[in-house]
Each structure stands twice: as structure tokens, then as C-alpha cells.
file my_file16.cif (mmCIF, N, CA and C atoms)
data_start
loop_
_atom_site.label_atom_id
_atom_site.label_comp_id
_atom_site.auth_asym_id
_atom_site.auth_seq_id
_atom_site.Cartn_x
_atom_site.Cartn_y
_atom_site.Cartn_z
N MET A 1 0.85 -1.17 0.00
CA MET A 1 0.00 0.00 0.00
C MET A 1 0.89 1.23 0.00
N GLN A 2 0.52 2.19 -0.81
CA GLN A 2 1.20 3.47 -0.87
C GLN A 2 0.19 4.56 -0.55
N SER A 3 0.68 5.76 -0.30
CA SER A 3 -0.24 6.85 0.06
C SER A 3 -1.29 7.08 -1.04
N MET A 4 -0.93 6.86 -2.29
CA MET A 4 -1.90 7.07 -3.37
C MET A 4 -3.03 6.01 -3.35
N ASP A 5 -2.83 4.93 -2.61
CA ASP A 5 -3.84 3.87 -2.52
C ASP A 5 -4.87 4.12 -1.42
N VAL A 6 -4.60 5.05 -0.53
CA VAL A 6 -5.43 5.23 0.67
C VAL A 6 -6.87 5.54 0.32
N LYS A 7 -7.12 6.36 -0.66
CA LYS A 7 -8.50 6.70 -1.01
C LYS A 7 -9.29 5.44 -1.43
N ALA A 8 -8.69 4.59 -2.26
CA ALA A 8 -9.35 3.35 -2.69
C ALA A 8 -9.54 2.40 -1.51
N VAL A 9 -8.54 2.31 -0.65
CA VAL A 9 -8.64 1.45 0.54
C VAL A 9 -9.75 1.95 1.46
N PHE A 10 -9.81 3.25 1.65
CA PHE A 10 -10.84 3.84 2.50
C PHE A 10 -12.24 3.59 1.93
N THR A 11 -12.38 3.64 0.62
CA THR A 11 -13.67 3.36 -0.02
C THR A 11 -14.11 1.92 0.28
N ILE A 12 -13.17 0.98 0.22
CA ILE A 12 -13.48 -0.42 0.55
C ILE A 12 -13.85 -0.53 2.02
N GLU A 13 -13.09 0.12 2.87
CA GLU A 13 -13.34 0.09 4.32
C GLU A 13 -14.77 0.55 4.63
N GLN A 14 -15.19 1.64 4.00
CA GLN A 14 -16.54 2.17 4.22
C GLN A 14 -17.61 1.20 3.73
N ALA A 15 -17.35 0.53 2.63
CA ALA A 15 -18.32 -0.42 2.08
C ALA A 15 -18.43 -1.69 2.92
N ALA A 16 -17.33 -2.06 3.58
CA ALA A 16 -17.28 -3.34 4.28
C ALA A 16 -17.68 -3.28 5.74
N TYR A 17 -17.48 -2.13 6.39
CA TYR A 17 -17.67 -2.06 7.84
C TYR A 17 -18.64 -0.96 8.24
N PRO A 18 -19.49 -1.23 9.21
CA PRO A 18 -20.39 -0.18 9.70
C PRO A 18 -19.65 0.89 10.52
N TYR A 19 -18.48 0.55 11.05
CA TYR A 19 -17.68 1.49 11.83
C TYR A 19 -16.26 1.49 11.26
N PRO A 20 -16.08 2.14 10.11
CA PRO A 20 -14.80 2.05 9.41
C PRO A 20 -13.69 2.89 10.02
N TRP A 21 -12.46 2.49 9.73
CA TRP A 21 -11.32 3.34 10.01
C TRP A 21 -11.43 4.58 9.14
N THR A 22 -10.76 5.64 9.52
CA THR A 22 -10.74 6.87 8.73
C THR A 22 -9.55 6.83 7.76
N GLU A 23 -9.59 7.72 6.77
CA GLU A 23 -8.43 7.85 5.88
C GLU A 23 -7.19 8.18 6.69
N GLY A 24 -7.36 9.02 7.70
CA GLY A 24 -6.23 9.42 8.54
C GLY A 24 -5.57 8.25 9.24
N ILE A 25 -6.36 7.30 9.68
CA ILE A 25 -5.78 6.12 10.34
C ILE A 25 -4.90 5.35 9.36
N PHE A 26 -5.38 5.17 8.12
CA PHE A 26 -4.57 4.47 7.13
C PHE A 26 -3.28 5.24 6.83
N ARG A 27 -3.39 6.55 6.72
CA ARG A 27 -2.20 7.37 6.46
C ARG A 27 -1.22 7.27 7.62
N ASP A 28 -1.74 7.28 8.84
CA ASP A 28 -0.89 7.15 10.02
C ASP A 28 -0.20 5.79 10.05
N CYS A 29 -0.91 4.74 9.67
CA CYS A 29 -0.31 3.40 9.63
C CYS A 29 0.88 3.36 8.67
N LEU A 30 0.73 4.01 7.53
CA LEU A 30 1.84 4.09 6.58
C LEU A 30 3.00 4.89 7.17
N LYS A 31 2.69 6.00 7.81
CA LYS A 31 3.74 6.88 8.38
C LYS A 31 4.56 6.19 9.45
N VAL A 32 3.90 5.43 10.32
CA VAL A 32 4.64 4.80 11.43
C VAL A 32 5.31 3.50 11.03
N GLY A 33 5.10 3.08 9.80
CA GLY A 33 5.80 1.90 9.31
C GLY A 33 5.12 0.57 9.52
N TYR A 34 3.82 0.58 9.79
CA TYR A 34 3.11 -0.70 9.83
C TYR A 34 3.20 -1.33 8.44
N ARG A 35 3.06 -2.61 8.41
CA ARG A 35 3.09 -3.33 7.14
C ARG A 35 1.69 -3.23 6.53
N CYS A 36 1.60 -2.51 5.44
CA CYS A 36 0.33 -2.24 4.79
C CYS A 36 0.41 -2.75 3.36
N GLU A 37 -0.44 -3.70 3.03
CA GLU A 37 -0.36 -4.33 1.72
C GLU A 37 -1.74 -4.41 1.09
N VAL A 38 -1.76 -4.34 -0.23
CA VAL A 38 -3.01 -4.44 -0.97
C VAL A 38 -3.00 -5.68 -1.84
N CYS A 39 -4.19 -6.15 -2.14
CA CYS A 39 -4.41 -7.25 -3.08
C CYS A 39 -5.07 -6.62 -4.30
N VAL A 40 -4.45 -6.79 -5.47
CA VAL A 40 -4.94 -6.17 -6.69
C VAL A 40 -5.50 -7.25 -7.62
N VAL A 41 -6.71 -7.02 -8.11
CA VAL A 41 -7.36 -7.91 -9.07
C VAL A 41 -7.79 -7.04 -10.25
N ASP A 42 -7.38 -7.43 -11.43
CA ASP A 42 -7.73 -6.68 -12.64
C ASP A 42 -7.41 -5.19 -12.49
N GLU A 43 -6.21 -4.91 -11.98
CA GLU A 43 -5.71 -3.55 -11.81
C GLU A 43 -6.53 -2.70 -10.84
N ARG A 44 -7.29 -3.37 -9.97
CA ARG A 44 -8.11 -2.67 -8.97
C ARG A 44 -7.80 -3.25 -7.60
N ILE A 45 -7.69 -2.38 -6.60
CA ILE A 45 -7.48 -2.86 -5.23
C ILE A 45 -8.75 -3.58 -4.78
N ALA A 46 -8.60 -4.85 -4.42
CA ALA A 46 -9.74 -5.67 -4.02
C ALA A 46 -9.71 -6.00 -2.54
N GLY A 47 -8.60 -5.71 -1.87
CA GLY A 47 -8.49 -5.99 -0.44
C GLY A 47 -7.18 -5.48 0.09
N TYR A 48 -7.02 -5.58 1.41
CA TYR A 48 -5.80 -5.08 2.04
C TYR A 48 -5.64 -5.70 3.41
N VAL A 49 -4.41 -5.63 3.89
CA VAL A 49 -4.11 -6.05 5.25
C VAL A 49 -3.14 -5.03 5.84
N VAL A 50 -3.39 -4.67 7.09
CA VAL A 50 -2.51 -3.79 7.85
C VAL A 50 -2.11 -4.58 9.09
N TRP A 51 -0.80 -4.71 9.28
CA TRP A 51 -0.34 -5.49 10.42
C TRP A 51 1.00 -4.95 10.91
N SER A 52 1.33 -5.34 12.13
CA SER A 52 2.60 -4.90 12.72
C SER A 52 3.38 -6.12 13.19
N LEU A 53 4.67 -5.91 13.34
CA LEU A 53 5.54 -6.96 13.85
C LEU A 53 6.56 -6.31 14.78
N VAL A 54 6.48 -6.68 16.06
CA VAL A 54 7.38 -6.12 17.07
C VAL A 54 7.80 -7.24 18.01
N ALA A 55 9.09 -7.37 18.21
CA ALA A 55 9.65 -8.32 19.20
C ALA A 55 9.09 -9.73 19.03
N GLY A 56 9.00 -10.18 17.79
CA GLY A 56 8.55 -11.54 17.53
C GLY A 56 7.04 -11.75 17.56
N GLU A 57 6.29 -10.68 17.76
CA GLU A 57 4.82 -10.78 17.79
C GLU A 57 4.21 -10.00 16.63
N GLY A 58 3.43 -10.68 15.84
CA GLY A 58 2.69 -10.03 14.77
C GLY A 58 1.27 -9.75 15.25
N HIS A 59 0.71 -8.64 14.75
CA HIS A 59 -0.66 -8.30 15.12
C HIS A 59 -1.39 -7.83 13.87
N VAL A 60 -2.44 -8.57 13.51
CA VAL A 60 -3.28 -8.17 12.38
C VAL A 60 -4.19 -7.05 12.87
N LEU A 61 -4.03 -5.87 12.31
CA LEU A 61 -4.81 -4.71 12.72
C LEU A 61 -6.07 -4.55 11.88
N ASN A 62 -5.98 -4.88 10.60
CA ASN A 62 -7.14 -4.73 9.71
C ASN A 62 -6.90 -5.60 8.49
N LEU A 63 -7.82 -6.50 8.22
CA LEU A 63 -7.80 -7.31 7.01
C LEU A 63 -9.19 -7.21 6.41
N CYS A 64 -9.25 -6.79 5.16
CA CYS A 64 -10.56 -6.52 4.57
C CYS A 64 -10.54 -6.81 3.07
N VAL A 65 -11.64 -7.34 2.58
CA VAL A 65 -11.84 -7.56 1.15
C VAL A 65 -13.07 -6.77 0.74
N ASP A 66 -12.95 -6.09 -0.38
CA ASP A 66 -14.07 -5.35 -0.96
C ASP A 66 -15.28 -6.29 -1.05
N PRO A 67 -16.46 -5.86 -0.57
CA PRO A 67 -17.64 -6.72 -0.65
C PRO A 67 -17.90 -7.27 -2.06
N ALA A 68 -17.53 -6.53 -3.09
CA ALA A 68 -17.72 -7.00 -4.47
C ALA A 68 -16.82 -8.19 -4.80
N TYR A 69 -15.78 -8.41 -4.01
CA TYR A 69 -14.83 -9.50 -4.26
C TYR A 69 -14.87 -10.58 -3.18
N GLN A 70 -15.74 -10.44 -2.21
CA GLN A 70 -15.79 -11.43 -1.13
C GLN A 70 -16.28 -12.76 -1.65
N GLY A 71 -15.87 -13.83 -0.98
CA GLY A 71 -16.28 -15.18 -1.36
C GLY A 71 -15.40 -15.80 -2.43
N ARG A 72 -14.31 -15.14 -2.78
CA ARG A 72 -13.40 -15.65 -3.82
C ARG A 72 -12.07 -16.14 -3.25
N GLY A 73 -11.93 -16.12 -1.93
CA GLY A 73 -10.70 -16.59 -1.30
C GLY A 73 -9.62 -15.54 -1.15
N LEU A 74 -9.93 -14.28 -1.44
CA LEU A 74 -8.91 -13.24 -1.35
C LEU A 74 -8.50 -12.96 0.10
N GLY A 75 -9.42 -13.07 1.03
CA GLY A 75 -9.06 -12.90 2.44
C GLY A 75 -8.05 -13.95 2.87
N ARG A 76 -8.25 -15.18 2.42
CA ARG A 76 -7.32 -16.27 2.72
C ARG A 76 -5.94 -15.98 2.09
N VAL A 77 -5.95 -15.49 0.86
CA VAL A 77 -4.68 -15.15 0.19
C VAL A 77 -3.93 -14.08 0.98
N LEU A 78 -4.63 -13.02 1.36
CA LEU A 78 -4.01 -11.95 2.15
C LEU A 78 -3.47 -12.48 3.48
N LEU A 79 -4.27 -13.28 4.16
CA LEU A 79 -3.86 -13.81 5.46
C LEU A 79 -2.64 -14.72 5.32
N ARG A 80 -2.67 -15.61 4.36
CA ARG A 80 -1.53 -16.53 4.17
C ARG A 80 -0.26 -15.77 3.79
N HIS A 81 -0.42 -14.75 2.97
CA HIS A 81 0.73 -13.92 2.59
C HIS A 81 1.33 -13.24 3.82
N MET A 82 0.47 -12.69 4.66
CA MET A 82 0.92 -12.02 5.87
C MET A 82 1.59 -13.01 6.82
N VAL A 83 1.01 -14.19 7.00
CA VAL A 83 1.58 -15.22 7.87
C VAL A 83 2.96 -15.63 7.36
N ALA A 84 3.08 -15.83 6.06
CA ALA A 84 4.38 -16.23 5.49
C ALA A 84 5.43 -15.15 5.73
N GLN A 85 5.05 -13.90 5.56
CA GLN A 85 6.00 -12.82 5.82
C GLN A 85 6.40 -12.78 7.29
N ALA A 86 5.43 -12.96 8.17
CA ALA A 86 5.73 -12.96 9.60
C ALA A 86 6.67 -14.10 9.97
N GLU A 87 6.44 -15.27 9.39
CA GLU A 87 7.32 -16.41 9.65
C GLU A 87 8.74 -16.12 9.17
N ARG A 88 8.88 -15.57 7.96
CA ARG A 88 10.20 -15.24 7.43
C ARG A 88 10.91 -14.19 8.29
N ALA A 89 10.13 -13.31 8.90
CA ALA A 89 10.70 -12.25 9.74
C ALA A 89 11.00 -12.73 11.16
N GLY A 90 10.69 -13.99 11.45
CA GLY A 90 11.02 -14.55 12.75
C GLY A 90 9.96 -14.41 13.82
N ALA A 91 8.72 -14.17 13.43
CA ALA A 91 7.65 -14.05 14.43
C ALA A 91 7.43 -15.38 15.14
N ASP A 92 7.10 -15.30 16.40
CA ASP A 92 6.76 -16.48 17.20
C ASP A 92 5.26 -16.71 17.26
N VAL A 93 4.50 -15.60 17.21
CA VAL A 93 3.06 -15.67 17.40
C VAL A 93 2.40 -14.53 16.64
N LEU A 94 1.18 -14.76 16.20
CA LEU A 94 0.38 -13.74 15.54
C LEU A 94 -0.93 -13.58 16.31
N PHE A 95 -1.36 -12.36 16.50
CA PHE A 95 -2.59 -12.05 17.22
C PHE A 95 -3.54 -11.26 16.33
N LEU A 96 -4.81 -11.34 16.67
CA LEU A 96 -5.82 -10.50 16.02
C LEU A 96 -7.06 -10.45 16.91
N GLU A 97 -7.89 -9.45 16.66
CA GLU A 97 -9.21 -9.35 17.30
C GLU A 97 -10.25 -9.35 16.19
N VAL A 98 -11.38 -9.97 16.48
CA VAL A 98 -12.46 -10.03 15.50
C VAL A 98 -13.79 -10.00 16.25
N ARG A 99 -14.77 -9.41 15.61
CA ARG A 99 -16.11 -9.38 16.20
C ARG A 99 -16.70 -10.80 16.22
N PRO A 100 -17.33 -11.20 17.31
CA PRO A 100 -17.98 -12.52 17.33
C PRO A 100 -19.10 -12.62 16.30
N SER A 101 -19.65 -11.49 15.90
CA SER A 101 -20.72 -11.50 14.89
C SER A 101 -20.18 -11.67 13.47
N ASN A 102 -18.87 -11.59 13.28
CA ASN A 102 -18.27 -11.72 11.95
C ASN A 102 -17.94 -13.19 11.70
N LYS A 103 -18.97 -13.97 11.45
CA LYS A 103 -18.82 -15.42 11.30
C LYS A 103 -17.90 -15.83 10.16
N PRO A 104 -17.97 -15.17 8.98
CA PRO A 104 -17.03 -15.56 7.91
C PRO A 104 -15.57 -15.37 8.32
N ALA A 105 -15.27 -14.28 9.00
CA ALA A 105 -13.88 -14.04 9.45
C ALA A 105 -13.47 -15.07 10.49
N LEU A 106 -14.35 -15.37 11.43
CA LEU A 106 -14.03 -16.39 12.44
C LEU A 106 -13.73 -17.74 11.79
N ARG A 107 -14.53 -18.11 10.78
CA ARG A 107 -14.29 -19.38 10.08
C ARG A 107 -12.94 -19.35 9.36
N LEU A 108 -12.63 -18.23 8.71
CA LEU A 108 -11.35 -18.11 8.01
C LEU A 108 -10.20 -18.25 8.99
N TYR A 109 -10.22 -17.48 10.07
CA TYR A 109 -9.10 -17.51 11.01
C TYR A 109 -8.95 -18.88 11.65
N ASP A 110 -10.06 -19.50 12.01
CA ASP A 110 -10.01 -20.84 12.59
C ASP A 110 -9.40 -21.83 11.60
N SER A 111 -9.82 -21.76 10.35
CA SER A 111 -9.32 -22.70 9.34
C SER A 111 -7.84 -22.47 9.01
N GLU A 112 -7.31 -21.31 9.37
CA GLU A 112 -5.91 -21.00 9.12
C GLU A 112 -5.05 -21.12 10.38
N GLY A 113 -5.59 -21.79 11.39
CA GLY A 113 -4.79 -22.12 12.56
C GLY A 113 -4.83 -21.15 13.72
N PHE A 114 -5.70 -20.14 13.64
CA PHE A 114 -5.86 -19.22 14.77
C PHE A 114 -6.87 -19.82 15.74
N GLY A 115 -6.62 -19.66 17.01
CA GLY A 115 -7.54 -20.14 18.03
C GLY A 115 -7.85 -19.04 19.02
N GLU A 116 -9.05 -19.10 19.59
CA GLU A 116 -9.46 -18.10 20.58
C GLU A 116 -8.65 -18.25 21.85
N ILE A 117 -8.11 -17.12 22.33
CA ILE A 117 -7.34 -17.14 23.57
C ILE A 117 -7.94 -16.24 24.63
N ASP A 118 -8.86 -15.35 24.24
CA ASP A 118 -9.42 -14.42 25.21
C ASP A 118 -10.60 -13.69 24.58
N ARG A 119 -11.27 -12.89 25.39
CA ARG A 119 -12.33 -11.97 24.93
C ARG A 119 -12.04 -10.60 25.52
N ARG A 120 -12.23 -9.58 24.73
CA ARG A 120 -12.15 -8.20 25.22
C ARG A 120 -13.58 -7.68 25.29
N LYS A 121 -14.04 -7.41 26.47
CA LYS A 121 -15.41 -6.94 26.68
C LYS A 121 -15.60 -5.54 26.12
N ASN A 122 -16.71 -5.36 25.43
CA ASN A 122 -17.12 -4.03 24.93
C ASN A 122 -16.04 -3.34 24.10
N TYR A 123 -15.38 -4.07 23.26
CA TYR A 123 -14.24 -3.57 22.49
C TYR A 123 -14.65 -2.74 21.28
N TYR A 124 -15.66 -3.21 20.56
CA TYR A 124 -16.07 -2.56 19.31
C TYR A 124 -17.35 -1.76 19.49
N PRO A 125 -17.48 -0.63 18.78
CA PRO A 125 -18.77 0.05 18.76
C PRO A 125 -19.79 -0.81 18.02
N ALA A 126 -21.04 -0.72 18.42
CA ALA A 126 -22.11 -1.49 17.79
C ALA A 126 -23.39 -0.67 17.81
N ASP A 127 -24.35 -1.08 17.01
CA ASP A 127 -25.63 -0.36 16.95
C ASP A 127 -26.31 -0.34 18.32
N GLN A 128 -26.17 -1.39 19.06
CA GLN A 128 -26.78 -1.50 20.39
C GLN A 128 -25.70 -1.45 21.47
N GLY A 129 -24.95 -0.36 21.53
CA GLY A 129 -23.91 -0.22 22.55
C GLY A 129 -22.55 -0.65 22.06
N ARG A 130 -22.01 -1.74 22.64
CA ARG A 130 -20.67 -2.22 22.31
C ARG A 130 -20.71 -3.72 22.07
N GLU A 131 -19.72 -4.21 21.32
CA GLU A 131 -19.59 -5.65 21.04
C GLU A 131 -18.22 -6.11 21.51
N ASP A 132 -18.17 -7.30 22.07
CA ASP A 132 -16.90 -7.87 22.50
C ASP A 132 -16.00 -8.13 21.30
N ALA A 133 -14.73 -8.39 21.57
CA ALA A 133 -13.78 -8.86 20.57
C ALA A 133 -13.32 -10.25 20.97
N VAL A 134 -13.25 -11.13 19.99
CA VAL A 134 -12.62 -12.42 20.19
C VAL A 134 -11.14 -12.22 19.88
N VAL A 135 -10.28 -12.50 20.86
CA VAL A 135 -8.85 -12.41 20.65
C VAL A 135 -8.37 -13.79 20.22
N MET A 136 -7.66 -13.82 19.09
CA MET A 136 -7.19 -15.09 18.55
C MET A 136 -5.67 -15.03 18.37
N ALA A 137 -5.05 -16.21 18.43
CA ALA A 137 -3.61 -16.30 18.23
C ALA A 137 -3.29 -17.50 17.37
N ARG A 138 -2.20 -17.37 16.66
CA ARG A 138 -1.63 -18.49 15.91
C ARG A 138 -0.15 -18.52 16.23
N TYR A 139 0.28 -19.62 16.81
CA TYR A 139 1.68 -19.79 17.14
C TYR A 139 2.40 -20.37 15.93
N ILE A 140 3.57 -19.83 15.66
CA ILE A 140 4.38 -20.31 14.56
C ILE A 140 4.93 -21.68 14.95
N VAL A 141 4.99 -22.60 14.01
CA VAL A 141 5.42 -23.97 14.28
C VAL A 141 6.72 -23.96 15.07
N GLY A 142 6.71 -24.69 16.18
CA GLY A 142 7.88 -24.77 17.03
C GLY A 142 8.02 -23.62 18.01
N ALA A 143 7.05 -22.69 17.98
CA ALA A 143 7.16 -21.53 18.87
C ALA A 143 5.94 -21.37 19.76
N GLY A 144 5.23 -22.47 20.02
CA GLY A 144 4.01 -22.41 20.82
C GLY A 144 4.29 -22.07 22.28
N PRO A 145 3.21 -21.87 23.04
CA PRO A 145 3.37 -21.53 24.46
C PRO A 145 3.98 -22.70 25.23
N ALA A 146 4.72 -22.39 26.27
CA ALA A 146 5.40 -23.42 27.07
C ALA A 146 4.39 -24.24 27.85
#

call {"tool": "encode", "arguments": {"input": "my_file16.cif", "output": "C-alpha cells"}}
result
Amino acid sequence: MQSMDVKAVFTIEQAAYPYPWTEGIFRDCLKVGYRCEVCVVDERIAGYVVWSLVAGEGHVLNLCVDPAYQGRGLGRVLLRHMVAQAERAGADVLFLEVRPSNKPALRLYDSEGFGEIDRRKNYYPADQGREDAVVMARYIVGAGPA
């Protein structure tokens, strides 16, 4: 992802989420050096992932596929690409948070080796107050918890 991609990424974010990140958040992620990558299909940005890697821990901050491209496996492609990069960079564990109401994302993460390790109460804004976050982790082979 480059700064010129932020407008297209933000458009996808707005289409996919009821409580989207702002353009400023994406610009800040680029500025601070988070790993920001896009998935391009037919010369169009169809999805993206924003993640960080610090001290052997990766954290998926935002993974999203344009609703027009959902159901084609692009989320899996983005996730696997990110996991492979984290492994090459020496990560021991990857973390993410996801809404319990986001069943497709939960199925994807579960099928890719992420497991629930905790819940964050009232983490996300919701139409009826707040929604919890399911905290998930995937340990890199040979680097699991003691």
C-alpha cells in the first residue's frame, strides 16, 4: 500500500464495515511503518491487510476484502501472505481481534490455525452499545506456548 492507494482502501473500508477506520488512520499506519499491503485484481485494489511486527509478535490490525470481491478466497490469500511474511521475519506468534458476529472471518481464522485465547469486553462500537472482541492467536510452528 502506498499513500496514493489510501483513497481506494478507505472506499473499501466504508463499504465493508459499519464502523470504518478513517483515511487518517490508514495514512498514520503508513507513516509509522506498519506493514500495509493491498491485493490487486484486474488492476483494482480488491483488499488489504494492515499489520505490525514487534519483538517476535505479529498483530493483524485490519484485514478486509471489498464486498464486491468477497467469497473468492482473497481474504485467505491476504492472510496466508501475511503469515508467510511474519514467519520469514522470525515471528513467534500472531494475534488478532475479531467481532464474534463476523462469522465468515471467524471461520477463516479458525481454518488458518488461529484459536481463541481471550475476549475483550465491549471492544467494538455497535448499533446497540458495544460488542466484544474475540482475541485469537496463531503460534508459529515450534514456537508455541510453554

call {"tool": "resolve_selection", "arguments": {"input": "my_file16.cif", "expression": "the PyMOL selection byres (((chain A and resi 30 and name CA) around 12) and name CA)", "output": "list in words"}}
result
Met1, Gln2, Ser3, Met4, Asp5, Val6, Glu23, Gly24, Ile25, Phe26, Arg27, Asp28, Cys29, Lys31, Val32, Gly33, Tyr34, Arg35, Cys36, Glu37, Val49, Val50, Trp51 and Ser52 of chain A

call {"tool": "write_last_selection", "arguments": {"input": "my_file16.cif", "atoms": "N, CA and C atoms", "output": "PDB file, in the coordinates of the input"}}
result
ATOM      1  N   MET A   1       0.850  -1.170   0.000  1.00  0.00           N
ATOM      2  CA  MET A   1       0.000   0.000   0.000  1.00  0.00           C
ATOM      3  C   MET A   1       0.890   1.230   0.000  1.00  0.00           C
ATOM      4  N   GLN A   2       0.520   2.190  -0.810  1.00  0.00           N
ATOM      5  CA  GLN A   2       1.200   3.470  -0.870  1.00  0.00           C
ATOM      6  C   GLN A   2       0.190   4.560  -0.550  1.00  0.00           C
ATOM      7  N   SER A   3       0.680   5.760  -0.300  1.00  0.00           N
ATOM      8  CA  SER A   3      -0.240   6.850   0.060  1.00  0.00           C
ATOM      9  C   SER A   3      -1.290   7.080  -1.040  1.00  0.00           C
ATOM     10  N   MET A   4      -0.930   6.860  -2.290  1.00  0.00           N
ATOM     11  CA  MET A   4      -1.900   7.070  -3.370  1.00  0.00           C
ATOM     12  C   MET A   4      -3.030   6.010  -3.350  1.00  0.00           C
ATOM     13  N   ASP A   5      -2.830   4.930  -2.610  1.00  0.00           N
ATOM     14  CA  ASP A   5      -3.840   3.870  -2.520  1.00  0.00           C
ATOM     15  C   ASP A   5      -4.870   4.120  -1.420  1.00  0.00           C
ATOM     16  N   VAL A   6      -4.600   5.050  -0.530  1.00  0.00           N
ATOM     17  CA  VAL A   6      -5.430   5.230   0.670  1.00  0.00           C
ATOM     18  C   VAL A   6      -6.870   5.540   0.320  1.00  0.00           C
ATOM     19  N   GLU A  23      -9.590   7.720   6.770  1.00  0.00           N
ATOM     20  CA  GLU A  23      -8.430   7.850   5.880  1.00  0.00           C
ATOM     21  C   GLU A  23      -7.190   8.180   6.690  1.00  0.00           C
ATOM     22  N   GLY A  24      -7.360   9.020   7.700  1.00  0.00           N
ATOM     23  CA  GLY A  24      -6.230   9.420   8.540  1.00  0.00           C
ATOM     24  C   GLY A  24      -5.570   8.250   9.240  1.00  0.00           C
ATOM     25  N   ILE A  25      -6.360   7.300   9.680  1.00  0.00           N
ATOM     26  CA  ILE A  25      -5.780   6.120  10.340  1.00  0.00           C
ATOM     27  C   ILE A  25      -4.900   5.350   9.360  1.00  0.00           C
ATOM     28  N   PHE A  26      -5.380   5.170   8.120  1.00  0.00           N
ATOM     29  CA  PHE A  26      -4.570   4.470   7.130  1.00  0.00           C
ATOM     30  C   PHE A  26      -3.280   5.240   6.830  1.00  0.00           C
ATOM     31  N   ARG A  27      -3.390   6.550   6.720  1.00  0.00           N
ATOM     32  CA  ARG A  27      -2.200   7.370   6.460  1.00  0.00           C
ATOM     33  C   ARG A  27      -1.220   7.270   7.620  1.00  0.00           C
ATOM     34  N   ASP A  28      -1.740   7.280   8.840  1.00  0.00           N
ATOM     35  CA  ASP A  28      -0.890   7.150  10.020  1.00  0.00           C
ATOM     36  C   ASP A  28      -0.200   5.790  10.050  1.00  0.00           C
ATOM     37  N   CYS A  29      -0.910   4.740   9.670  1.00  0.00           N
ATOM     38  CA  CYS A  29      -0.310   3.400   9.630  1.00  0.00           C
ATOM     39  C   CYS A  29       0.880   3.360   8.670  1.00  0.00           C
ATOM     40  N   LYS A  31       2.690   6.000   7.810  1.00  0.00           N
ATOM     41  CA  LYS A  31       3.740   6.880   8.380  1.00  0.00           C
ATOM     42  C   LYS A  31       4.560   6.190   9.450  1.00  0.00           C
ATOM     43  N   VAL A  32       3.900   5.430  10.320  1.00  0.00           N
ATOM     44  CA  VAL A  32       4.640   4.800  11.430  1.00  0.00           C
ATOM     45  C   VAL A  32       5.310   3.500  11.030  1.00  0.00           C
ATOM     46  N   GLY A  33       5.100   3.080   9.800  1.00  0.00           N
ATOM     47  CA  GLY A  33       5.800   1.900   9.310  1.00  0.00           C
ATOM     48  C   GLY A  33       5.120   0.570   9.520  1.00  0.00           C
ATOM     49  N   TYR A  34       3.820   0.580   9.790  1.00  0.00           N
ATOM     50  CA  TYR A  34       3.110  -0.700   9.830  1.00  0.00           C
ATOM     51  C   TYR A  34       3.200  -1.330   8.440  1.00  0.00           C
ATOM     52  N   ARG A  35       3.060  -2.610   8.410  1.00  0.00           N
ATOM     53  CA  ARG A  35       3.090  -3.330   7.140  1.00  0.00           C
ATOM     54  C   ARG A  35       1.690  -3.230   6.530  1.00  0.00           C
ATOM     55  N   CYS A  36       1.600  -2.510   5.440  1.00  0.00           N
ATOM     56  CA  CYS A  36       0.330  -2.240   4.790  1.00  0.00           C
ATOM     57  C   CYS A  36       0.410  -2.750   3.360  1.00  0.00           C
ATOM     58  N   GLU A  37      -0.440  -3.700   3.030  1.00  0.00           N
ATOM     59  CA  GLU A  37      -0.360  -4.330   1.720  1.00  0.00           C
ATOM     60  C   GLU A  37      -1.740  -4.410   1.090  1.00  0.00           C
ATOM     61  N   VAL A  49      -4.410  -5.630   3.890  1.00  0.00           N
ATOM     62  CA  VAL A  49      -4.110  -6.050   5.250  1.00  0.00           C
ATOM     63  C   VAL A  49      -3.140  -5.030   5.840  1.00  0.00           C
ATOM     64  N   VAL A  50      -3.390  -4.670   7.090  1.00  0.00           N
ATOM     65  CA  VAL A  50      -2.510  -3.790   7.850  1.00  0.00           C
ATOM     66  C   VAL A  50      -2.110  -4.580   9.090  1.00  0.00           C
ATOM     67  N   TRP A  51      -0.800  -4.710   9.280  1.00  0.00           N
ATOM     68  CA  TRP A  51      -0.340  -5.490  10.420  1.00  0.00           C
ATOM     69  C   TRP A  51       1.000  -4.950  10.910  1.00  0.00           C
ATOM     70  N   SER A  52       1.330  -5.340  12.130  1.00  0.00           N
ATOM     71  CA  SER A  52       2.600  -4.900  12.720  1.00  0.00           C
ATOM     72  C   SER A  52       3.380  -6.120  13.190  1.00  0.00           C
TER      73      SER A  52
END

call {"tool": "resolve_selection", "arguments": {"input": "my_file16.cif", "expression": "the PyMOL selection byres ((chain A and resi 121-132) around 7)", "output": "list in words"}}
result
Tyr19, Val98, Arg99, Pro100, Arg119, Arg120, Ala133 and Val134 of chain A

call {"tool": "select_by_dssp", "arguments": {"input": "my_file16.cif", "residues": "range 73-108 of chain A", "states": "alpha helix (DSSP H)", "output": "VMD selection string"}}
result
chain A and resid 74 to 88 103 to 108

call {"tool": "resolve_selection", "arguments": {"input": "my_file16.cif", "expression": "the PyMOL selection byres (((chain A and resi 90 and name CA) around 12) and name CA)", "output": "PyMOL selection string"}}
result
chain A and resi 53-58+83-89+91-94+139-143

call {"tool": "closest_residue", "arguments": {"input": "my_file16.cif", "among": "A:Glu97, A:Ala15, A:Val77, A:Gly113", "to": "Cys39 in chain A", "atoms": "all atoms listed in the file"}}
result
A:Val77

call {"tool": "select_by_dssp", "arguments": {"input": "my_file16.cif", "residues": "chain A", "states": "strand (DSSP E)", "output": "count of residues only"}}
result
56

call {"tool": "closest_residue", "arguments": {"input": "my_file16.cif", "among": "A:Val135, A:Ala105, A:Phe95, A:Asp118", "to": "His59 in chain A", "atoms": "all atoms listed in the file"}}
result
A:Phe95

call {"tool": "atom_distance", "arguments": {"input": "my_file16.cif", "atom1": "CA of Pro20 in chain A", "atom2": "CA of Lys103 in chain A"}}
result
18.0 Å

call {"tool": "atom_distance", "arguments": {"input": "my_file16.cif", "atom1": "CA of Lys7 in chain A", "atom2": "CA of Tyr109 in chain A"}}
result
27.0 Å

call {"tool": "closest_residue", "arguments": {"input": "my_file16.cif", "among": "A:Asp110, A:Asp66, A:Glu116, A:Asp42", "to": "Thr11 in chain A", "atoms": "only C-alpha atoms"}}
result
A:Asp66

call {"tool": "atom_distance", "arguments": {"input": "my_file16.cif", "atom1": "atom C of Gln14 in chain A", "atom2": "atom C of Met136 in chain A"}}
result
24.9 Å

call {"tool": "closest_residue", "arguments": {"input": "my_file16.cif", "among": "A:Leu96, A:Ile12, A:Val41, A:Leu74", "to": "Asn62 in chain A", "atoms": "only C-alpha atoms"}}
result
A:Leu96

call {"tool": "closest_residue", "arguments": {"input": "my_file16.cif", "among": "A:Ala16, A:Asn102, A:Arg80, A:Arg107", "to": "Cys64 in chain A", "atoms": "all atoms listed in the file"}}
result
A:Ala16
